[in-house]
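Down below is the structure, laid out as structure tokens.
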Amino acid sequence: MIKYDVLIIGAGVAGLSAGRLLAEAGRRVAVLEARHRVGGRIWTRSITIDNPQRSVPVELGAEFVHGLPPETWSLIEEAALRTYEVDGSPLWFDGGQLMTANIQQGSAERVLEEMRQWIGKHASDVSFIDYIKGSAIDPSTARAAKNYVEGFNAADQNRISVAALAKQQAAEDLIAADRLFRLEAGYAALPDFLAERFIAAGGELVLDAPAKKISWQRGAVTVEVGGKQYHAVRAVITVPLGVLQAEMIEFVPRPADILLHANRLAMGAVVRVVLVFKRKFWSEDLSFLLAPTERPPTWWTPMPNDAPTLTGWAGGPKAEGLLRLVTAQGDASALLDQCLNTLAKIFACSLVDVRQMLLSWHLHDWQSDDYARGAYSYVPVGALDAPEKMSQPVENTLYFAGEHTDTSGHWGTVHAALATGLAAGRQVLGLDKR
């Protein structure tokens, strides 16, 4: 029987960052990953276009580096990964014509800034929709703010906490999160690098190993994977919030407090569809396109990269509506049809022409993925303390990490996952000094 110092469940960036830290500190560590790849909700595919020598990274999960978070950028620099900053002109489609998006975008930002001031004067928490109803905000500005919150946070405006949104805005200001960057090779290069460093430090990476049952007592953990058992002194659980909420892993005994706080949080739904075309039929410098009356309501290009791709995005209830469309038709091609119809309308093109220009399309349904059960987390009203409660060790034996356990306000981001993985690793080392 092989016994480890630490078992880590999940090879997303939280699990890999914890694993690397512990392995480099001399601990015997195994990372157990359910999928056949590392990265979790980071998943990049390389797609060839126009000639075999040219390919573009297509992101099925996380895509943007938001601002200048030190956890992410120190890793990018260590791995010598090339990046570029998002550039170009944003547009707004009001149902009839395209226009510059700056005014509408600025309106949403002003609402969120005023909300931060409001929460500083009020002790009670409310949902975003209740805040809007109680504020003297004109209807068009309110719509812009609602669209932003639902799209960015993948959240239901009836549930998401104003206190959490205020904390998020403050956290984003500290890292200049309005600046967006991409990795030239694709986001998967980051977890790939972490996995390489983890293995180089002596860690053991086990793929195709979905944890079914975790039995534990203080100072002893057994994880069942198929017909095999792994044993350790401690375990770091980094599976997504949706997996914990669905209780896809059986804990014996149940860490009742952790699961209670997990269920106080919410997992947001997202639909993203990446369309690869033979050529651009939109303005050369288009970056983001906001079309709140359409489905999907948000689009972007890889600007300043000139690849002829468009990504359609919907978050929260709008995403759930698109998923119902697919369910009703019983075929994901219904979603493609919706996307092409939307683009034809926005750019005043023939639907036949748009369809003929399409080379390929790509999506992944994270909501029905048993190893994700949603896109990323957000904090409902009254649950601002839940992430901190989830980050507390259980009997100095079970540790929980992942973007949903972040306490700084960066929920739903890669840098939050990285930071919480490192924090969990430091918690283990602090109790296991050699």
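We name chains A, B, ... following the order of the structure tokens; residues begin at 1 in each chain, and ligands are numbered from 1 as shown.
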Go through segment 102-191 of chain A and collect every residue that DSSP, computed from the backbone, puts in strand (DSSP E); the answer should be as a compact mmCIF listing (two decimals) with C-alpha atoms, in the first residue's frame.
# COMPACT_ATOMS: atom_id res chain seq x y z
CA LEU A 180 -7.76 42.09 -20.35
CA PHE A 181 -4.98 39.84 -21.63
CA ARG A 182 -4.73 36.53 -23.47
CA LEU A 183 -2.01 33.91 -23.64
Practice task
Name the residues in contact with segment 418-421 of chain A at a cut-off of 8 Å, using only C-alpha atoms, excluding same-chain residues fewer than 3 positions from it; report them as a list in words.
Solution key: Val13, Ala14, Gly15, Leu16, Ser17, Ala18, Glu71, Thr72, Thr238, Ala401, Gly402, Glu403, Thr405, Asp406, Val414, His415, Ala424 and Gly425 of chain A
Problem - segment 47-50 of chain A surroundings by only C-alpha atoms, 9 Å radius, close-in-sequence under 2 positions cut, as a PyMOL selection string - result: chain A and resi 45+52-58+276-278+307-308+359-360
Mind dumping the selected residues with C-alpha atoms as a tab-separated table (two decimals), in the first residue's frame?
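Output contents, as saved in again-v5.tsv:
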chain	number	residue	atom	x	y	z
A	45	ARG	CA	-8.20	23.43	-28.45
A	52	PRO	CA	-1.87	23.73	-42.15
A	53	GLN	CA	0.74	26.20	-40.93
A	54	ARG	CA	-1.78	28.47	-39.21
A	55	SER	CA	-3.74	27.52	-36.12
A	56	VAL	CA	-5.61	29.46	-33.47
A	57	PRO	CA	-6.30	28.56	-29.85
A	58	VAL	CA	-10.01	28.10	-29.22
A	276	VAL	CA	-14.43	30.03	-36.86
A	277	PHE	CA	-15.00	31.65	-40.27
A	278	LYS	CA	-13.18	31.68	-43.59
A	307	ALA	CA	-7.98	35.34	-36.62
A	308	PRO	CA	-11.51	35.26	-38.12
A	359	LEU	CA	-15.54	26.75	-41.08
A	360	SER	CA	-16.23	25.20	-37.68
Mind checking which residues fall within 9 Å of Gln97 of chain A, counting only C-alpha atoms, ignoring those fewer than 4 positions away in the same chain, and posting them as a PDB file with N, CA and C atoms, in the first residue's frame?
ATOM      1  N   TRP A  92     -22.120  48.406 -29.804  1.00  0.00           N
ATOM      2  CA  TRP A  92     -23.392  48.124 -29.145  1.00  0.00           C
ATOM      3  C   TRP A  92     -24.447  47.971 -30.233  1.00  0.00           C
ATOM      4  N   PHE A  93     -25.263  46.934 -30.147  1.00  0.00           N
ATOM      5  CA  PHE A  93     -26.367  46.726 -31.089  1.00  0.00           C
ATOM      6  C   PHE A  93     -27.670  46.856 -30.320  1.00  0.00           C
ATOM      7  N   ILE A 346     -27.325  41.269 -36.830  1.00  0.00           N
ATOM      8  CA  ILE A 346     -26.476  42.365 -36.337  1.00  0.00           C
ATOM      9  C   ILE A 346     -25.689  43.007 -37.471  1.00  0.00           C
ATOM     10  N   PHE A 347     -25.101  42.174 -38.345  1.00  0.00           N
ATOM     11  CA  PHE A 347     -24.225  42.701 -39.398  1.00  0.00           C
ATOM     12  C   PHE A 347     -24.940  42.887 -40.734  1.00  0.00           C
TER      13      PHE A 347
END
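Shortest atom-to-atom contact with Ala375 of chain A among A:Ala154, A:Leu275, A:Ala256, A:Ile76: A:Ala154, counting only C-alpha atoms.
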Practice task
Compile the contact shell of His362 of chain A as a list in words: residues with an atom at most 12 Å away, counting only C-alpha atoms, same-chain residues fewer than 5 positions apart removed.
Solution key: Trp43, Thr44, Arg45, Ser46, Ile47, Pro57, Val58, Glu59, Leu60, Gly61, Val271, Arg272, Val273, Val274, Leu275, Val276, Phe277, Thr309, Leu310, Thr311, Gly312, Ala332, Ser333, Leu335, Leu336 and Cys339 of chain A
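Coordinates place atom CA of His261 of chain A at a distance of 7.5 Å from atom CA of Pro387 of chain A.
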Practice task
Find the residues near Leu351 of chain A: any atom within 12 Å, counting only C-alpha atoms, skip ones fewer than 4 places away on the same chain, and give them as a PyMOL selection string.
Solution key: chain A and resi 336-347+355-358
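Between Gly412 of chain A and the residues A:Pro253, A:Leu81, A:Leu259, A:Ser377, the shortest atom-to-atom distance, using only C-alpha atoms, involves A:Ser377.
Among A:Ala201, A:Ser350, A:Met115, A:Glu250, the residue with the shortest atom-to-atom distance to Gln168 of chain A, counting only C-alpha atoms, is A:Met115.
Distance-wise, atom CA of Gly40 of chain A and atom CA of Leu174 of chain A end up 26.7 Å apart.
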